[in-house]
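Peer 1: Sharing a structure below in C-alpha cells format, with a few things to ask.
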Amino acid sequence: MAFHKDHPLPGSRPGTLVIPEGSPPPKIHLVRYAADRVESVPVAHPDEIPAMLRSDEVTWVDVQGFGDEEVLRTLARIFGLSPLALEDAVNAPQRAKSEPYDGYQLVISRVPQLDDEGVIRTPQVCFVIGPRFLLTFQKDRLGLFEPVRERLRSGIGPIRESGPDYLAYALIDTMVDLYYPIVESLSQKLDDLEDDVLDEMSPGSLGEIHQLRRQLVILRRIGWPQREMVSALVRERSPFLSDTVRNYLRDTQDHMAQIAELIDSTRDLATGLSDVFVSNLGHRTNEIMKVLTLMASIFIPLTFLAGIYGMNFEYMPELRERWGYFLVLGVMVLVALGMVLYFRRRGWMGSPPGGRKPRRRPGS
Amino acid sequence: MAFHKDHPLPGSRPGTLVIPEGSPPPKIHLVRYAADRVESVPVAHPDEIPAMLRSDEVTWVDVQGFGDEEVLRTLARIFGLSPLALEDAVNAPQRAKSEPYDGYQLVISRVPQLDDEGVIRTPQVCFVIGPRFLLTFQKDRLGLFEPVRERLRSGIGPIRESGPDYLAYALIDTMVDLYYPIVESLSQKLDDLEDDVLDEMSPGSLGEIHQLRRQLVILRRIGWPQREMVSALVRERSPFLSDTVRNYLRDTQDHMAQIAELIDSTRDLATGLSDVFVSNLGHRTNEIMKVLTLMASIFIPLTFLAGIYGMNFEYMPELRERWGYFLVLGVMVLVALGMVLYFRRRGWMGSPPGGRKPRRRPGS
Amino acid sequence: MAFHKDHPLPGSRPGTLVIPEGSPPPKIHLVRYAADRVESVPVAHPDEIPAMLRSDEVTWVDVQGFGDEEVLRTLARIFGLSPLALEDAVNAPQRAKSEPYDGYQLVISRVPQLDDEGVIRTPQVCFVIGPRFLLTFQKDRLGLFEPVRERLRSGIGPIRESGPDYLAYALIDTMVDLYYPIVESLSQKLDDLEDDVLDEMSPGSLGEIHQLRRQLVILRRIGWPQREMVSALVRERSPFLSDTVRNYLRDTQDHMAQIAELIDSTRDLATGLSDVFVSNLGHRTNEIMKVLTLMASIFIPLTFLAGIYGMNFEYMPELRERWGYFLVLGVMVLVALGMVLYFRRRGWMGSPPGGRKPRRRPGS
Amino acid sequence: MAFHKDHPLPGSRPGTLVIPEGSPPPKIHLVRYAADRVESVPVAHPDEIPAMLRSDEVTWVDVQGFGDEEVLRTLARIFGLSPLALEDAVNAPQRAKSEPYDGYQLVISRVPQLDDEGVIRTPQVCFVIGPRFLLTFQKDRLGLFEPVRERLRSGIGPIRESGPDYLAYALIDTMVDLYYPIVESLSQKLDDLEDDVLDEMSPGSLGEIHQLRRQLVILRRIGWPQREMVSALVRERSPFLSDTVRNYLRDTQDHMAQIAELIDSTRDLATGLSDVFVSNLGHRTNEIMKVLTLMASIFIPLTFLAGIYGMNFEYMPELRERWGYFLVLGVMVLVALGMVLYFRRRGWMGSPPGGRKPRRRPGS
Amino acid sequence: MAFHKDHPLPGSRPGTLVIPEGSPPPKIHLVRYAADRVESVPVAHPDEIPAMLRSDEVTWVDVQGFGDEEVLRTLARIFGLSPLALEDAVNAPQRAKSEPYDGYQLVISRVPQLDDEGVIRTPQVCFVIGPRFLLTFQKDRLGLFEPVRERLRSGIGPIRESGPDYLAYALIDTMVDLYYPIVESLSQKLDDLEDDVLDEMSPGSLGEIHQLRRQLVILRRIGWPQREMVSALVRERSPFLSDTVRNYLRDTQDHMAQIAELIDSTRDLATGLSDVFVSNLGHRTNEIMKVLTLMASIFIPLTFLAGIYGMNFEYMPELRERWGYFLVLGVMVLVALGMVLYFRRRGWMGSPPGGRKPRRRPGS
C-alpha cells in the first residue's frame, strides 16, 4: 500500500487537524487509580473530565477515534495541550519521537501489525505524560493495551504504586514487545522461502521474496525512529520521567536495538536470497540450454546426412551399392558418438538431473 | 534534465550575479501588516521602498524574476544585504541552507514540483529574515505563497500578531508540506509499477522504474540539505528567530525527517523492484527456453528418423516390409513419449502458463 | 534456523521470566578461592549459598539450566539481583551488553558455536560481577569454561590472587577467543568454494555460498554488539572492574575488533564470490550457445539444400546432370567453410575447451 | 590512467623531493601590490627575491615547473618553508588539505580538468599563505589563475586592498568553480547515454557508461578531500586568515558541498543506468528468444510431418489416396494455427516491434 | 589464502605465546648511536644486552624470528615489557594499533608485500618505543629496514641527532611508503583488465578481476587500521613522542589517508568492472542469439517448404507442372527476403561484427 499521510493542505495554519470523512467519533475512556484502588469511569463528553481529576490519583485518559474536532480541542484545553501537540496526535502517521513541552512530555510510538493478507499496518499511539495524568490517542481501537489494563485492575507489580510515567513505560514496552512476533514471523517466512528457492524454485517465490523485502523496508522505516525515540527517553532527563522508570526503559531500549539489528540482518539475508534466486534461474537456463544444444548438435548433422541421400539426382553412385545404406547408418552412429564424447569432455553431460543438493543452511 | 547552475565564470569576483539572457524583469510585491491591519502596496521601483517602511509594522518584500541587476542591487543596498547573500539569492540552484549575517538571517529553501511530463523541477526561494522585515526571492512566480497571503489577509491565527520570523516559518512550512504530495505520488507510482511487474511485465516498465529512481535521486539531493537547513534553524539560536517560532519549526523538522526517510525507503523499494524485474525477465526467458527445448528435442530426432527412410538407397530392406511404415510410426511415438517423460521428470513441463501468482504485497 | 527469542507475552510485567516447557532444572556450581586455596562446593539448593560465602574468598556461582523459576528467584534475592537483570540472564538471546547496576555490573556475552551440520548456534552467558562474587548464567551446559576452571585449580598465573573481575575477564576473553576458530573455518570454507567456483562450478556451490553468507550475517549480528560490549567495559569506569583488569580487557577489545573486521571482509569476499558464480554461469551459457549456434548455422542451410534436391518435381533439370550431385556436395562444403570462417572471425570458435585458467588467488 | 604518485623510494629521508627526468625548470612569477598599485616583476633566480619584498606590499610568488631542486630549496629558505611543506608542494598528487605551520598556512587544492580525449586530469596547486606573502606551486602551467591576475591588474573589487589571504581565497574559489563545468558535462553525458540506452542500445554505450562511472570515481576521490579542506579553512581559526576571508570561504564551502552531492547523485544515476542497460539487454534476449522459439515450434513439427510422407516405404496407404496430399496440408495449417494460438495465449506474440517507449525521464 | 592467526587455545592465560613448530630461532641485532657515532653490535644472547646500554646513546634492538620463548621472555624482562605486549608482538597478525604502556609506547604496524604469485602477504612489525631505546619485532626477516639502517650509518639528516621516536617514525614511514607501489600496481592491473574486458573478453579475466578485488579487500583490512594507528600517534600525546616527530607523523598520516582512499576508489572501479564484464557477456550472448535466430528463422521454413514437395503422394498436381520447381524456388527467395527485411527492421541485423569500440577511458 502506498504511503499516505493525513496532512493538511500546504499553507494551512500550524495545528490544523485532518479528520477524514466518516471517521468514528472519539470514545473516551478514563481510568483513575492509586496504590489501593482503581476505577474505570465512563466519559460521555470531555467537559465532565475536570470534575473527575483527583490530586491523589493518577488519571489515564484514553481517546480512540478522532471523528469530532470539537471534542479533541476541548480535551486539549483541559490538559493544556498545545495545538501542535494535538496535530501530532491526530494527523497520523508521525515519526516516532519524544518531545518535551511545558507541562508534559509528548511521545509518539508506532507498532507493526500484520493483517490477514500479510499487509503490515503501522498504527501510532500518542502519549502525553503529565505530572499526574497520562493521555493516549489512538485512531482505531487496537486492543493492544488490554494486558496493561488487566495489570492495573489486578494491582500486581508496582504499576498502581507508580506514577503516570510507569504506566506510559508499561504501554510503550508492550508496543515494543509487539515487534518480536512480527520479526520472528518474517524470519520464519524467509526460512521457508530459502528452502523453496534452494529446492524447488516455485515460480511465485520471487514475488514472495519481494513482498518480504517490502515488509522489512516498512518495518525498518518505523523501527529505527522507534529506537531513537526510546533512546531519547532514556538519555534526556525529562522532569516527567522518574529515574526508576528511566531504568526500566533502558531494558526497552535494548530490546528495540535488538529488533533493529534483526530487521537489518533479515533484510541482508532476504537480499542474498534474491541473488540466489537469480543465480539459480541462470543455472536452470544453463541446464535447459545444454539439453537443447545436445539434441540439436547430435541430430541436426544426422538429419543433414539423411537428407543428402534423400536427394533425387540420377547419378549418385553410392545409392546403388548394397552396403551404402548400412555404411551411412554406421557413419551416423559414429557422428553421434563423437558428439556425445565431445559434450562429455566439456562437462556438459552426465550431471545427475537435480544437481547436488546443498546441505541445510545454518540458523541463528 | 541534466544539472545546470547559473554560476559565474571561474575566477569572477565574489558576488557576481548570473542573469540569463531574456530573464523577466523583477516584479516587487510589498505587504506591510500589524495585528490590526494589512496593506498590499504596489512597488514600481525599489527606490520607493524606504518611504514605505514603518517601525510599527512588519514589511514583506517579495521579488519575482531577476531580469534587472540594477533593481536587485538597489534592494540589497536598502536592506543592507551583502553581495554574497544576493549572489546566493540569484545564482540558483544553491543547496538549502541557513546562514547568519550581520543584520539578518539568510535561508535558502527548495521545493519539488512535478510538471505535466513527470519532470521534477526544484525551484529555490531565498529568505532574508530581518528584525522587522522579510525579503523573499523567487526566480519564477511559483504561486506557492498564496495560502499564506490569504492567512495574512484574513488575519486568522497568530500570523499578524507575530514578527517576520513567523511569516518566514509559515512560508518554509508550506514549502516542506509540498514535499508530501510528491512523495506520495511517487509511492503510488511505485505501487502501480509493482503490480505491473509482478503481473504483466509490460516492456515500458523498465524505463518507468528508472524514471522513478531518477526522480527519487533528485528528491534526495534537495531533500537532505533541506532537512539539514530546518534542523540548523531549530538548533542554532539566531537572534532573528523567537523561541516560539523555533518551537513551531521543531514540527517542520519532524516532517522533513519523515519525508527524508520516506524518500530513502521508497528508493530502497524501487531498487528492489528493478531486481524483481530482472529476475522476472530471467524467469520468462527460462520459460521460453523450455518450450523451445521441448519442441526441438521431441521433433528433431523424429525428423531424423523420417529422413532415414526418405533416403533413396536401392537396398534398404525395411522399406519393402509391409509393417515397416507402421513400425517406424510406433517407434516415433515411443521416442516422443520418452522425451516427454524425461522433461516431466526434470520438472520442465506441466507448470501452468502464467505461473503461481504471488499474493498482494503489503503496504505501509 | 529462524530467529526465536524467549520473550514474554507483550504487556507482561517487566522481569517476567520465560522458561520453555521441559527446560532442565538449574545445576548450581559453586567455587570459592583465595590466593592459597580453591574449593569446589556442590550446591543442592540456593538457600545453602549464604552460609558458604566468606569475605576473604572470591565466590563463583555458575548456574546451568533455567528449569525452575523458584531457584532462580532465590538466587537473585541472595545476591541482590534486580528482576530486570534476572530477565536479561534468562530470556535469551539478549544483545551482548554491559550495564551498571547498584551493587554489581551485568554483562551479557555471546559466543558462536558451529554444530556438526554447519549450523551456527549463538548461546549467551550472563555475568554478574559483584565486589566479592561472580555469577554466571548459561542456558545449556557449554563446557567452554573448563580451561579457566583448570587454571583456577592449578593456581598458575594471577587468577587466584585477583578478584571476581579478573575471573570474569578470563571467561569473557575465552569466549572472544572462540570466535577465531569459527571465523578461520569460514575463511577456509570460502577458499575452498573459490577454488570450486573458478574451476568446476559444481551445482551445489551456489547453495554453499549462500549458507556461508548466512553464517556470516549471523556472526556479524552477534559480533558487533559483542565488540561494543567489550569496548564499553574498557571505556566506562565500573567500580567493579580494577584498572589492571581493564588493561587486560583492552587486549580483548583488540581481538574483538580484529574479528569484527574479519567478519566484514569475509562477507565482502563471499558477496564477490556470488558475483563470480553468476558471471561464470553467464560465461558457460555463452559457451553452450556458441556451440549450438555453430552447429545450427552450419547444418540447417545444408539440410535445406539437400531438401531442395529431394523434391519430387518432374522437371528439375539439375537432377539429370551427371555432375549435379557432386556440384551440390561442393557447394555444401563451401557453405560450411564460409560459416566456419565467419564464426572464426567473430571469435566464436577456437577458444580452448576449458578457457584460460586464472592464476591462484592471493591470500591474507 | 592508473594512479601514479611521484613518491620517493620507501625509506628515504622526509623531505626528499621527487623530480621526474626531463621536468621543465621552474618559472618564477612575482607580483607585488597594494591598494593603489600593482607591479609584475620578472624573477630570473630566487636569490633576487629578498630585495623585492616590501613591507607595505603584498607579494605573490608563483612557481611553475619543478625541474631544479636547488631553486626550490632556495625559495623554501627565503620564505622559511619546512622541508616537509616543500615535499607536499612538489611530490604530487597529495590529498587536498589545510595544515598550519609556524609562520604560514599550507593549503593543497586540486582541480579537475577534462582533456580532449575525455581523460580527467587532477593537477594540484600548493598555497603557502604567509602574513604578507603568498606562494603558489604548480607542476605544469595551468592558466587557471589568469582571471584573478586580471582582477589584480584592473584593481576592481577588494582584491588589492586585502591581504594575501584574500588572494588565496580568490584562487581557491576559482579552482572550486572549475568543478561545475566538469560535473555539468558529466551530468549532460549521462543524459545522452540515458536516451541512448532507453531507445537504441548502441553497443558502445556500455563502455561509455563505465567511462562515466570511472570519471565520477576519480572526481569523488579528489572532491571529498577538497570539501574537507575548504571546511577546515572555515572551521579552524588560522592566524593567517582574516574573519572577512573566512566569511567568503563559507560560500566556497557551500559550493564544494553542492558539488560533492552532485557527484554522488550522478554516481547513483550512472549505477542505475548500468542496471537498466543490463535489464534492457535481458529484455532484448527475451524478444529474440521468442522469435526463435516461435519459428522453431511452428516449423519443426511441420517439417517432421512432411518428412513422414517423404519416406519411401512401399506400403504407405495414405500416399495412394487422392485426398492424402490435401489432408496433410490441412493438418499442417491446423498445427501451425494451434501453435500460434498457444503463443498468443502465453503473451509471446503480438507485442509491437519496438516495445512501448518509456516516457521522457525527468530532470533536476 | 584463508586467514590464519597464531592465537593460543581459548581459555589460555593472557600473555601465552604461540610459536609454531619449526620457527627459526630469534636473531638479535643491536645498533647504538649518538650524533657523532653509530655502532652495530652482534648479540648472541639477550643477557648480554644490559651491559651494552649507555645512557648517552640510543639503542635499537631488532629481533627477527620468534623460535625461542626463553629468549623473548628474557628480552621482555630486560626492557620491562608486560606479557600482554609481548603477546601482541609475537602472536601475529594483530590489528595495527598504538597503545600506551608504563615506560613505553607499543605500536603494531603492518605492511603489504606482493609475492611472485600475486599473493599479498601482510607481515607485522611490533615497535616498542622507550625513552632511550627502540625494540622492533619481526617474525621473518623482511629487509625493509635496510634504507633506514643505511641512513643511520651515513648520518645524513637528523636521524642520529634524534631519539628513538624519530627512528621509529622513520621505520613506520618506510612501511607506509611501501603501500604505494602495491596500490599502484593494482591500479595498473585494473587498467590492463579494463582494456581486456572492453576489447577481447578473454575468459580468464573474470578470475583475475576477482583476484584483484580479493587483494583490495585484504589491503583494506590492513590499511584502515594502519590509518587509525598513525592518526592515533599524531592525536594522542604520548610522552615517548616529541612534538617534532609528531609533526613528521602528520605527513605520514596524510599519506596513509591518501592510500586508504585509493584502495577504496580502486575497489569501486573493480566492482564496476565486474559489472561491465557481466553486461558484456550478456551482450555477446545476445549477439550469438541473433545469429542463431536469423539462421533458424530463415532456413527452417524453407526446409519445410522443400519437405512438402519431397512428399511421395501420388496425387500432387504441382509436381507435374513444368514451372513448379521454379515457382517454389521463387517463393523460397521471397520468404528469405521477407525474414531478412523483418530482422533488419527490428535492428537485429546489420551491426558491424565487433560493435562500436568505446573510447579510451579516462584516468586519474
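In the C-alpha cells, chains take the letters A, B, ... in the order shown, each chain's residues start at 1, and ligands count up from 1 in the order shown.
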I'd like the contact shell of C:Ser55 - 12 Å cut-off, only C-alpha atoms, skipping same-chain residues fewer than 5 positions apart - returned as a list in words.
Peer 2: Arg32, Tyr33, Ala34, Pro50, Pro131, Arg132, Phe133 and Gly163 of chain C
Peer 1: Produce a file of the selected residues containing N, CA and C atoms, as a PDB file, in the first residue's frame.
Peer 2:
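Dumped everything to selection_31.pdb:
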```
ATOM      1  N   ARG C  32      34.858 -21.451  45.449  1.00  0.00           N
ATOM      2  CA  ARG C  32      35.373 -20.295  46.187  1.00  0.00           C
ATOM      3  C   ARG C  32      36.872 -20.445  46.307  1.00  0.00           C
ATOM      4  N   TYR C  33      37.559 -19.322  46.187  1.00  0.00           N
ATOM      5  CA  TYR C  33      39.013 -19.411  46.161  1.00  0.00           C
ATOM      6  C   TYR C  33      39.656 -18.161  46.725  1.00  0.00           C
ATOM      7  N   ALA C  34      40.879 -18.360  47.178  1.00  0.00           N
ATOM      8  CA  ALA C  34      41.749 -17.244  47.555  1.00  0.00           C
ATOM      9  C   ALA C  34      43.124 -17.598  46.991  1.00  0.00           C
ATOM     10  N   PRO C  50      24.191 -18.688  51.099  1.00  0.00           N
ATOM     11  CA  PRO C  50      24.639 -17.635  52.031  1.00  0.00           C
ATOM     12  C   PRO C  50      25.646 -18.151  53.057  1.00  0.00           C
ATOM     13  N   PRO C 131      31.294  -7.281  44.124  1.00  0.00           N
ATOM     14  CA  PRO C 131      32.576  -6.930  44.747  1.00  0.00           C
ATOM     15  C   PRO C 131      33.399  -8.172  45.119  1.00  0.00           C
ATOM     16  N   ARG C 132      32.717  -9.224  45.626  1.00  0.00           N
ATOM     17  CA  ARG C 132      33.471 -10.429  46.011  1.00  0.00           C
ATOM     18  C   ARG C 132      32.887 -11.686  45.388  1.00  0.00           C
ATOM     19  N   PHE C 133      31.967 -11.525  44.478  1.00  0.00           N
ATOM     20  CA  PHE C 133      31.367 -12.724  43.866  1.00  0.00           C
ATOM     21  C   PHE C 133      31.203 -12.543  42.359  1.00  0.00           C
ATOM     22  N   GLY C 163      40.540 -10.614  41.947  1.00  0.00           N
ATOM     23  CA  GLY C 163      39.143 -10.621  42.363  1.00  0.00           C
ATOM     24  C   GLY C 163      38.244 -11.253  41.315  1.00  0.00           C
TER      25      GLY C 163
END
```
Peer 1: Write out as a PyMOL selection string which residues come within 12 Å of stretch 226-238 of chain B when counting only C-alpha atoms, dropping same-chain ones fewer than 5 positions away.
Peer 2: chain B and resi 94-112+122+124-125+129-131+165+168-169+172-173+175-176+179+219-221+243-261
Peer 1: If we count only C-alpha atoms and set the cut-off at 7 Å, which residues sit around stretch 339-348 of chain A, ignoring sequence neighbours fewer than 3 positions away in its own chain? Please answer as a list of chain:residue names.
Peer 2: A:Lys290, A:Ile298, A:Val335, A:Ala336, C:Pro353
Peer 1: Take the residues that were just selected and, keeping C-alpha atoms, output them as a PDB file, in the first residue's frame.
Peer 2:
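And here is the file that came out, out-v4.pdb:
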```pdb
ATOM      1  CA  LYS A 290      22.664 -27.916 -22.503  1.00  0.00           C
ATOM      2  CA  ILE A 298      23.555 -34.637 -32.417  1.00  0.00           C
ATOM      3  CA  VAL A 335      28.996 -38.958 -35.624  1.00  0.00           C
ATOM      4  CA  ALA A 336      26.525 -39.261 -32.735  1.00  0.00           C
TER       5      ALA A 336
ATOM      6  CA  PRO C 353      37.619 -26.087 -24.153  1.00  0.00           C
TER       7      PRO C 353
END
```
Peer 1: When you count only C-alpha atoms, which of these residues is closest to chain C: A:Tyr309, A:Pro147, A:Phe277, A:Phe299?
Peer 2: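 Of A:Tyr309, A:Pro147, A:Phe277, A:Phe299, the one nearest chain C is A:Pro147, counting only C-alpha atoms.
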Peer 1: Just want the 12 Å neighbourhood of B:Arg267, counted on only C-alpha atoms, with same-chain residues fewer than 6 positions away dropped. Output as a ChimeraX atom specification.
Peer 2: /A:214,217 /B:183,186-187,190,209-220,260-261,273-274 /D:268-269,272
Peer 1: Store the residues picked out above, limited to N, CA and C atoms, as a compact mmCIF listing (two decimals), in the first residue's frame.
Peer 2:
```txt
# COMPACT_ATOMS: atom_id res chain seq x y z
N ARG A 214 9.79 -5.90 1.04
CA ARG A 214 8.96 -4.73 1.21
C ARG A 214 8.51 -4.57 2.67
N VAL A 217 11.41 -3.33 4.65
CA VAL A 217 11.68 -1.90 4.46
C VAL A 217 10.72 -1.07 5.32
N VAL B 183 6.02 12.96 -2.77
CA VAL B 183 6.48 11.65 -2.28
C VAL B 183 5.34 10.65 -2.35
N LEU B 186 4.88 9.49 -5.90
CA LEU B 186 5.93 8.54 -6.32
C LEU B 186 5.69 7.18 -5.68
N SER B 187 5.26 7.21 -4.41
CA SER B 187 4.99 5.96 -3.71
C SER B 187 3.84 5.21 -4.40
N LEU B 190 5.08 3.75 -7.62
CA LEU B 190 5.83 2.53 -7.35
C LEU B 190 4.88 1.35 -7.18
N ILE B 209 10.52 2.45 -14.18
CA ILE B 209 11.21 2.25 -12.89
C ILE B 209 12.44 3.16 -12.84
N HIS B 210 13.17 3.20 -13.97
CA HIS B 210 14.37 4.04 -13.98
C HIS B 210 13.99 5.51 -13.77
N GLN B 211 12.92 5.93 -14.41
CA GLN B 211 12.45 7.31 -14.24
C GLN B 211 12.13 7.59 -12.77
N LEU B 212 11.48 6.61 -12.14
CA LEU B 212 11.12 6.77 -10.73
C LEU B 212 12.38 6.89 -9.86
N ARG B 213 13.35 6.02 -10.13
CA ARG B 213 14.59 6.08 -9.36
C ARG B 213 15.28 7.43 -9.56
N ARG B 214 15.22 7.91 -10.79
CA ARG B 214 15.84 9.19 -11.09
C ARG B 214 15.17 10.31 -10.31
N GLN B 215 13.84 10.27 -10.30
CA GLN B 215 13.10 11.28 -9.55
C GLN B 215 13.45 11.23 -8.06
N LEU B 216 13.62 10.01 -7.56
CA LEU B 216 13.94 9.86 -6.13
C LEU B 216 15.35 10.35 -5.82
N VAL B 217 16.27 10.12 -6.77
CA VAL B 217 17.64 10.62 -6.56
C VAL B 217 17.62 12.15 -6.48
N ILE B 218 16.83 12.77 -7.36
CA ILE B 218 16.77 14.23 -7.35
C ILE B 218 16.09 14.73 -6.07
N LEU B 219 15.00 14.07 -5.70
CA LEU B 219 14.32 14.44 -4.46
C LEU B 219 15.27 14.36 -3.27
N ARG B 220 16.05 13.28 -3.27
CA ARG B 220 17.01 13.09 -2.19
C ARG B 220 18.04 14.21 -2.16
N ALA B 260 12.40 12.71 4.44
CA ALA B 260 13.71 12.18 4.03
C ALA B 260 13.73 10.67 4.17
N GLU B 261 13.15 10.15 5.26
CA GLU B 261 13.13 8.70 5.44
C GLU B 261 12.24 8.02 4.40
N LEU B 273 12.57 -3.37 -6.79
CA LEU B 273 11.67 -3.68 -7.91
C LEU B 273 12.44 -3.89 -9.20
N SER B 274 13.52 -3.10 -9.36
CA SER B 274 14.39 -3.34 -10.53
C SER B 274 14.89 -4.77 -10.51
N ASP D 268 25.09 7.72 -8.44
CA ASP D 268 23.90 6.89 -8.22
C ASP D 268 23.16 6.64 -9.52
N LEU D 269 22.96 7.73 -10.27
CA LEU D 269 22.22 7.61 -11.52
C LEU D 269 22.98 6.75 -12.53
N GLY D 272 22.54 3.24 -11.65
CA GLY D 272 21.20 2.82 -12.05
C GLY D 272 21.13 2.58 -13.54
```
Peer 1: I'd like a table as CSV: residues in chain D with an atom no more than 7 Å from chain E, each row giving the shortest atom pair and its distance in Å to one decimal, only C-alpha atoms counted, sorted by chain and rising residue number.
Peer 2:
```
residue,atom,partner,partner_atom,distance
D:Met1,CA,E:Gly363,CA,3.4
D:Ala2,CA,E:Gln188,CA,5.0
D:Phe3,CA,E:Ser364,CA,5.8
D:His4,CA,E:Glu184,CA,6.3
D:Pro10,CA,E:Thr174,CA,4.9
D:Gly11,CA,E:Thr174,CA,4.5
D:Arg95,CA,E:Gln258,CA,6.0
D:Gly118,CA,E:Pro362,CA,5.9
D:Val119,CA,E:Pro362,CA,3.6
D:Ile120,CA,E:Pro362,CA,5.7
D:Arg121,CA,E:Ser364,CA,5.8
D:Thr122,CA,E:Ser364,CA,6.5
D:Pro203,CA,E:Gly355,CA,5.7
D:Gly204,CA,E:Arg356,CA,5.1
D:Gly207,CA,E:Pro358,CA,5.2
D:Glu208,CA,E:Pro358,CA,6.2
D:Gln211,CA,E:Arg361,CA,5.1
D:Arg214,CA,E:Leu269,CA,6.5
D:Gln215,CA,E:Pro362,CA,6.5
D:Val217,CA,E:Ser265,CA,6.3
D:Ile218,CA,E:Ser364,CA,6.0
D:Arg221,CA,E:Ser265,CA,6.9
D:Val278,CA,E:Ser279,CA,5.7
D:Leu281,CA,E:His283,CA,6.6
D:Thr285,CA,E:Asn286,CA,5.5
D:Ile288,CA,E:Lys290,CA,6.6
D:Leu292,CA,E:Thr293,CA,5.0
D:Met295,CA,E:Ser297,CA,5.8
D:Phe299,CA,E:Pro301,CA,6.0
D:Leu302,CA,E:Phe304,CA,6.7
D:Thr303,CA,E:Phe304,CA,4.6
D:Ala306,CA,E:Ile308,CA,5.2
D:Gly307,CA,E:Gly307,CA,6.2
D:Tyr309,CA,E:Met311,CA,4.9
D:Gly310,CA,E:Met311,CA,4.0
D:Leu319,CA,E:Phe313,CA,4.4
D:Arg320,CA,E:Glu314,CA,5.6
D:Arg322,CA,E:Tyr315,CA,5.5
D:Gly324,CA,E:Phe313,CA,6.9
D:Tyr325,CA,E:Phe313,CA,6.1
D:Pro353,CA,E:Arg346,CA,6.4
```
Peer 1: What is the distance, in Å and to one decimal place, between atom CA of A:Leu30 and atom CA of A:Thr16?
Peer 2: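 These two atoms are separated by 25.9 Å.
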Peer 1: Rounded to one decimal, what separation in Å do you get between atom CA of E:Asp116 and atom CA of E:Ile182?
Peer 2: 12.7 Å
Peer 1: Determine which residues of stretch 31-263 of chain B receive a DSSP assignment of strand (DSSP E), computed from the backbone, and state them as a ChimeraX atom specification.
Peer 2: /B:31-34,37-43,58-64,97-101,104-110,113-114,120-121,124-129,133-138
